[in-house]
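Chemist: Below you will find the structure I want to go over with you.
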Amino acid sequence: MDRYLTQGARSIPRLVAFDPEGNACFGWGPAPAELRAARATWVAEGVAGAEISRRKLDWYVARGGEQVDTELANRIMARICSAAVV
């Protein structure tokens with residue numbers, strides 16, 4: 001677990017997929033890339049923590065599920081396709 005922390009913290013879960021030998025195939029998380037970029041902008045602008053939390057929730061309600069699905073599907077397909085190439 002300590003190999004897959006988010007900025008050194010255990011506060012936000014990540015998905016890590018392993019092959020049968022225990023090698024990490026890919027990881028995802030702690031949030032979609034678009035939301036991570038937006039959060040970085042809000043932090044740089046000095047937006048208060050409570051407001052950032054509200055904005056993140058609003059973001060997820062507006063488009064989060066679709067972004068998560070798309071990013072995970074792309075990671076999974078990239079792994080399946082690379083494994084299929086011999």
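Residue numbering restarts at 1 in every chain; chains get A, B, ... in the order shown in the structure tokens, and ligands count up from 1 in that same order.
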For segment 56-68 of chain A, please output as a list in words all residues within 9 Å (counting only C-alpha atoms; exclusion window: fewer than 4 positions along the same chain).

Modeler: Ala31, Pro32, Ala33, Glu34, Leu35, Ala38, Arg39, Glu51, Ile52, Leu72 and Ala73 of chain A

Chemist: Using the chain letters and numbers from this document, which residues of segment 4-42 of chain A does DSSP assign to strand (DSSP E or B), as number ranges by chain?

Modeler: A: 6, 9, 15-18, 24-28

Chemist: Can you list, as a short mmCIF file (atom, residue, chain, number, x, y, z; two decimals) with N, CA, C and O atoms, in the first residue's frame, every protein, DNA or RNA residue that comes within 10 Å of segment 75-79 of chain A when you count only C-alpha atoms, leaving out same-chain residues fewer than 2 positions away?

Modeler:
data_model
loop_
_atom_site.label_atom_id
_atom_site.label_comp_id
_atom_site.auth_asym_id
_atom_site.auth_seq_id
_atom_site.Cartn_x
_atom_site.Cartn_y
_atom_site.Cartn_z
N ALA A 17 -4.30 -2.19 -10.38
CA ALA A 17 -4.58 -3.53 -10.91
C ALA A 17 -3.27 -4.29 -11.04
O ALA A 17 -2.26 -3.72 -11.47
N CYS A 25 -0.12 -3.49 -13.04
CA CYS A 25 -0.40 -3.28 -14.47
C CYS A 25 -0.70 -1.81 -14.74
O CYS A 25 -0.23 -1.26 -15.73
N PHE A 26 -1.51 -1.22 -13.89
CA PHE A 26 -1.83 0.19 -14.02
C PHE A 26 -2.46 0.66 -12.72
O PHE A 26 -2.91 -0.14 -11.90
N GLY A 27 -2.48 1.97 -12.56
CA GLY A 27 -3.12 2.57 -11.40
C GLY A 27 -4.00 3.71 -11.85
O GLY A 27 -3.84 4.23 -12.96
N TRP A 28 -4.93 4.04 -11.01
CA TRP A 28 -5.80 5.18 -11.30
C TRP A 28 -6.16 5.85 -9.98
O TRP A 28 -6.40 5.20 -8.98
N THR A 70 -14.55 6.92 -18.28
CA THR A 70 -13.70 7.07 -19.47
C THR A 70 -12.23 6.79 -19.14
O THR A 70 -11.57 6.04 -19.86
N GLU A 71 -11.74 7.38 -18.06
CA GLU A 71 -10.33 7.17 -17.70
C GLU A 71 -10.05 5.71 -17.36
O GLU A 71 -9.04 5.16 -17.79
N LEU A 72 -10.93 5.09 -16.59
CA LEU A 72 -10.72 3.69 -16.24
C LEU A 72 -10.80 2.79 -17.46
O LEU A 72 -9.97 1.89 -17.64
N ALA A 73 -11.78 3.03 -18.32
CA ALA A 73 -11.91 2.22 -19.53
C ALA A 73 -10.66 2.36 -20.41
O ALA A 73 -10.16 1.37 -20.95
N CYS A 81 -5.00 -4.34 -24.63
CA CYS A 81 -4.44 -4.29 -25.98
C CYS A 81 -2.94 -4.53 -25.98
O CYS A 81 -2.42 -5.23 -26.83
N SER A 82 -2.24 -3.99 -25.00
CA SER A 82 -0.78 -4.21 -24.95
C SER A 82 -0.47 -5.65 -24.61
O SER A 82 0.52 -6.21 -25.09
N ALA A 83 -1.29 -6.30 -23.80
CA ALA A 83 -1.08 -7.71 -23.45
C ALA A 83 -1.37 -8.62 -24.64
O ALA A 83 -0.79 -9.69 -24.77
N ALA A 84 -2.29 -8.19 -25.51
CA ALA A 84 -2.67 -9.00 -26.65
C ALA A 84 -1.64 -8.96 -27.77
O ALA A 84 -1.59 -9.85 -28.60
#

Chemist: For atom CA of Val43 of chain A and atom CA of Arg14 of chain A, quote the distance in Å rounded to one decimal.

Modeler: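 Atom CA of Arg14 of chain A lies at a distance of 21.5 Å from atom CA of Val43 of chain A.
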
Chemist: Please measure the separation of atom CA of Pro30 of chain A and atom CA of Ile80 of chain A, giving the value in Å to one decimal.

Modeler: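 Taking atom CA of Pro30 of chain A as the start and atom CA of Ile80 of chain A as the end point, the length is 22.0 Å.
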
Chemist: Can you work out the spacing between atom CA of Gly29 of chain A and atom CA of Leu15 of chain A in Å, to one decimal?

Modeler: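 Between atom CA of Gly29 of chain A and atom CA of Leu15 of chain A the gap works out to 6.3 Å.
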
Chemist: Extract the full set of helix (DSSP H, G or I) residues from chain A according to DSSP on the backbone, and format it as an mmCIF file with N, CA and C atoms, in the first residue's frame.

Modeler:
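states-v7.cif written:
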data_model
loop_
_atom_site.group_PDB
_atom_site.id
_atom_site.type_symbol
_atom_site.label_atom_id
_atom_site.label_comp_id
_atom_site.auth_asym_id
_atom_site.auth_seq_id
_atom_site.Cartn_x
_atom_site.Cartn_y
_atom_site.Cartn_z
ATOM 1 N N ASP A 2 1.937 1.238 0.742
ATOM 2 C CA ASP A 2 2.764 2.438 0.842
ATOM 3 C C ASP A 2 3.400 2.838 -0.490
ATOM 4 N N ARG A 3 3.437 1.940 -1.454
ATOM 5 C CA ARG A 3 3.974 2.276 -2.779
ATOM 6 C C ARG A 3 2.983 3.086 -3.612
ATOM 7 N N TYR A 4 1.723 3.160 -3.171
ATOM 8 C CA TYR A 4 0.683 3.779 -3.979
ATOM 9 C C TYR A 4 -0.049 4.896 -3.248
ATOM 10 N N ALA A 33 -8.237 13.283 -14.100
ATOM 11 C CA ALA A 33 -7.209 14.280 -14.423
ATOM 12 C C ALA A 33 -7.793 15.690 -14.505
ATOM 13 N N GLU A 34 -8.966 15.821 -15.105
ATOM 14 C CA GLU A 34 -9.583 17.147 -15.241
ATOM 15 C C GLU A 34 -9.859 17.775 -13.872
ATOM 16 N N LEU A 35 -10.334 16.971 -12.936
ATOM 17 C CA LEU A 35 -10.610 17.495 -11.598
ATOM 18 C C LEU A 35 -9.313 17.805 -10.851
ATOM 19 N N ARG A 36 -8.300 16.975 -11.002
ATOM 20 C CA ARG A 36 -7.009 17.268 -10.353
ATOM 21 C C ARG A 36 -6.449 18.596 -10.857
ATOM 22 N N ALA A 37 -6.570 18.845 -12.157
ATOM 23 C CA ALA A 37 -6.088 20.110 -12.717
ATOM 24 C C ALA A 37 -6.903 21.290 -12.185
ATOM 25 N N ALA A 38 -8.216 21.126 -12.113
ATOM 26 C CA ALA A 38 -9.067 22.203 -11.594
ATOM 27 C C ALA A 38 -8.724 22.494 -10.134
ATOM 28 N N ARG A 39 -8.531 21.443 -9.333
ATOM 29 C CA ARG A 39 -8.188 21.634 -7.929
ATOM 30 C C ARG A 39 -6.869 22.372 -7.782
ATOM 31 N N ALA A 40 -5.882 22.003 -8.597
ATOM 32 C CA ALA A 40 -4.582 22.688 -8.548
ATOM 33 C C ALA A 40 -4.754 24.174 -8.844
ATOM 34 N N THR A 41 -5.605 24.504 -9.800
ATOM 35 C CA THR A 41 -5.879 25.906 -10.132
ATOM 36 C C THR A 41 -6.533 26.615 -8.958
ATOM 37 N N TRP A 42 -7.531 25.968 -8.349
ATOM 38 C CA TRP A 42 -8.218 26.583 -7.214
ATOM 39 C C TRP A 42 -7.262 26.824 -6.049
ATOM 40 N N VAL A 43 -6.395 25.864 -5.785
ATOM 41 C CA VAL A 43 -5.410 26.031 -4.703
ATOM 42 C C VAL A 43 -4.484 27.191 -5.016
ATOM 43 N N ALA A 44 -3.997 27.258 -6.276
ATOM 44 C CA ALA A 44 -3.102 28.339 -6.681
ATOM 45 C C ALA A 44 -3.780 29.703 -6.577
ATOM 46 N N GLY A 49 -10.371 25.911 1.559
ATOM 47 C CA GLY A 49 -10.567 24.464 1.533
ATOM 48 C C GLY A 49 -12.014 24.037 1.454
ATOM 49 N N ALA A 50 -12.885 24.666 2.233
ATOM 50 C CA ALA A 50 -14.302 24.309 2.211
ATOM 51 C C ALA A 50 -14.920 24.598 0.839
ATOM 52 N N GLU A 51 -14.502 25.676 0.219
ATOM 53 C CA GLU A 51 -15.015 26.010 -1.117
ATOM 54 C C GLU A 51 -14.485 25.029 -2.149
ATOM 55 N N ILE A 52 -13.239 24.621 -2.012
ATOM 56 C CA ILE A 52 -12.689 23.612 -2.930
ATOM 57 C C ILE A 52 -13.492 22.326 -2.810
ATOM 58 N N SER A 53 -13.800 21.917 -1.588
ATOM 59 C CA SER A 53 -14.600 20.700 -1.388
ATOM 60 C C SER A 53 -15.963 20.833 -2.058
ATOM 61 N N ARG A 54 -16.610 21.995 -1.924
ATOM 62 C CA ARG A 54 -17.910 22.208 -2.555
ATOM 63 C C ARG A 54 -17.785 22.136 -4.073
ATOM 64 N N ARG A 55 -16.746 22.778 -4.614
ATOM 65 C CA ARG A 55 -16.544 22.766 -6.066
ATOM 66 C C ARG A 55 -16.278 21.352 -6.583
ATOM 67 N N LYS A 56 -15.525 20.580 -5.831
ATOM 68 C CA LYS A 56 -15.263 19.198 -6.234
ATOM 69 C C LYS A 56 -16.549 18.391 -6.273
ATOM 70 N N LEU A 57 -17.384 18.550 -5.253
ATOM 71 C CA LEU A 57 -18.669 17.849 -5.247
ATOM 72 C C LEU A 57 -19.527 18.268 -6.435
ATOM 73 N N ASP A 58 -19.575 19.572 -6.698
ATOM 74 C CA ASP A 58 -20.332 20.070 -7.856
ATOM 75 C C ASP A 58 -19.785 19.477 -9.146
ATOM 76 N N TRP A 59 -18.469 19.398 -9.254
ATOM 77 C CA TRP A 59 -17.840 18.842 -10.450
ATOM 78 C C TRP A 59 -18.260 17.395 -10.637
ATOM 79 N N TYR A 60 -18.202 16.602 -9.565
ATOM 80 C CA TYR A 60 -18.599 15.195 -9.672
ATOM 81 C C TYR A 60 -20.059 15.052 -10.071
ATOM 82 N N VAL A 61 -20.925 15.875 -9.510
ATOM 83 C CA VAL A 61 -22.345 15.806 -9.854
ATOM 84 C C VAL A 61 -22.535 16.127 -11.342
ATOM 85 N N ALA A 62 -21.811 17.119 -11.832
ATOM 86 C CA ALA A 62 -21.969 17.557 -13.217
ATOM 87 C C ALA A 62 -21.387 16.585 -14.233
ATOM 88 N N ARG A 63 -20.216 15.988 -13.930
ATOM 89 C CA ARG A 63 -19.566 15.171 -14.953
ATOM 90 C C ARG A 63 -18.643 14.085 -14.433
ATOM 91 N N GLY A 64 -18.590 13.911 -13.146
ATOM 92 C CA GLY A 64 -17.611 13.002 -12.549
ATOM 93 C C GLY A 64 -17.716 11.563 -12.973
ATOM 94 N N GLY A 65 -18.925 11.029 -12.964
ATOM 95 C CA GLY A 65 -19.073 9.621 -13.325
ATOM 96 C C GLY A 65 -18.567 9.327 -14.716
ATOM 97 N N GLU A 66 -18.889 10.178 -15.640
ATOM 98 C CA GLU A 66 -18.447 9.979 -17.028
ATOM 99 C C GLU A 66 -16.924 10.031 -17.132
ATOM 100 N N GLN A 67 -16.314 10.992 -16.470
ATOM 101 C CA GLN A 67 -14.851 11.118 -16.516
ATOM 102 C C GLN A 67 -14.172 9.899 -15.899
ATOM 103 N N VAL A 68 -14.671 9.449 -14.751
ATOM 104 C CA VAL A 68 -14.099 8.267 -14.102
ATOM 105 C C VAL A 68 -14.225 7.067 -15.032
ATOM 106 N N ASP A 69 -15.412 6.843 -15.583
ATOM 107 C CA ASP A 69 -15.626 5.713 -16.490
ATOM 108 C C ASP A 69 -14.682 5.760 -17.680
ATOM 109 N N THR A 70 -14.554 6.923 -18.284
ATOM 110 C CA THR A 70 -13.698 7.071 -19.471
ATOM 111 C C THR A 70 -12.234 6.793 -19.141
ATOM 112 N N GLU A 71 -11.741 7.379 -18.058
ATOM 113 C CA GLU A 71 -10.328 7.174 -17.705
ATOM 114 C C GLU A 71 -10.049 5.713 -17.361
ATOM 115 N N LEU A 72 -10.925 5.094 -16.588
ATOM 116 C CA LEU A 72 -10.715 3.687 -16.235
ATOM 117 C C LEU A 72 -10.796 2.789 -17.463
ATOM 118 N N ALA A 73 -11.777 3.028 -18.317
ATOM 119 C CA ALA A 73 -11.908 2.223 -19.535
ATOM 120 C C ALA A 73 -10.665 2.362 -20.408
ATOM 121 N N ASN A 74 -10.136 3.566 -20.539
ATOM 122 C CA ASN A 74 -8.935 3.770 -21.343
ATOM 123 C C ASN A 74 -7.738 3.023 -20.759
ATOM 124 N N ARG A 75 -7.581 3.058 -19.439
ATOM 125 C CA ARG A 75 -6.467 2.334 -18.800
ATOM 126 C C ARG A 75 -6.610 0.830 -18.981
ATOM 127 N N ILE A 76 -7.819 0.334 -18.795
ATOM 128 C CA ILE A 76 -8.049 -1.102 -18.935
ATOM 129 C C ILE A 76 -7.825 -1.538 -20.377
ATOM 130 N N MET A 77 -8.366 -0.789 -21.327
ATOM 131 C CA MET A 77 -8.200 -1.164 -22.729
ATOM 132 C C MET A 77 -6.738 -1.093 -23.158
ATOM 133 N N ALA A 78 -6.016 -0.102 -22.675
ATOM 134 C CA ALA A 78 -4.592 -0.002 -23.025
ATOM 135 C C ALA A 78 -3.840 -1.224 -22.518
ATOM 136 N N ARG A 79 -4.176 -1.681 -21.333
ATOM 137 C CA ARG A 79 -3.523 -2.864 -20.767
ATOM 138 C C ARG A 79 -3.911 -4.117 -21.534
ATOM 139 N N ILE A 80 -5.191 -4.272 -21.855
ATOM 140 C CA ILE A 80 -5.649 -5.460 -22.586
ATOM 141 C C ILE A 80 -5.007 -5.480 -23.964
ATOM 142 N N CYS A 81 -4.998 -4.342 -24.631
ATOM 143 C CA CYS A 81 -4.439 -4.289 -25.981
ATOM 144 C C CYS A 81 -2.941 -4.530 -25.982
ATOM 145 N N SER A 82 -2.240 -3.992 -25.002
ATOM 146 C CA SER A 82 -0.778 -4.207 -24.950
ATOM 147 C C SER A 82 -0.467 -5.651 -24.608
ATOM 148 N N ALA A 83 -1.291 -6.301 -23.801
ATOM 149 C CA ALA A 83 -1.078 -7.711 -23.454
ATOM 150 C C ALA A 83 -1.374 -8.618 -24.640
ATOM 151 N N ALA A 84 -2.289 -8.187 -25.511
ATOM 152 C CA ALA A 84 -2.672 -9.003 -26.651
ATOM 153 C C ALA A 84 -1.641 -8.961 -27.769
#
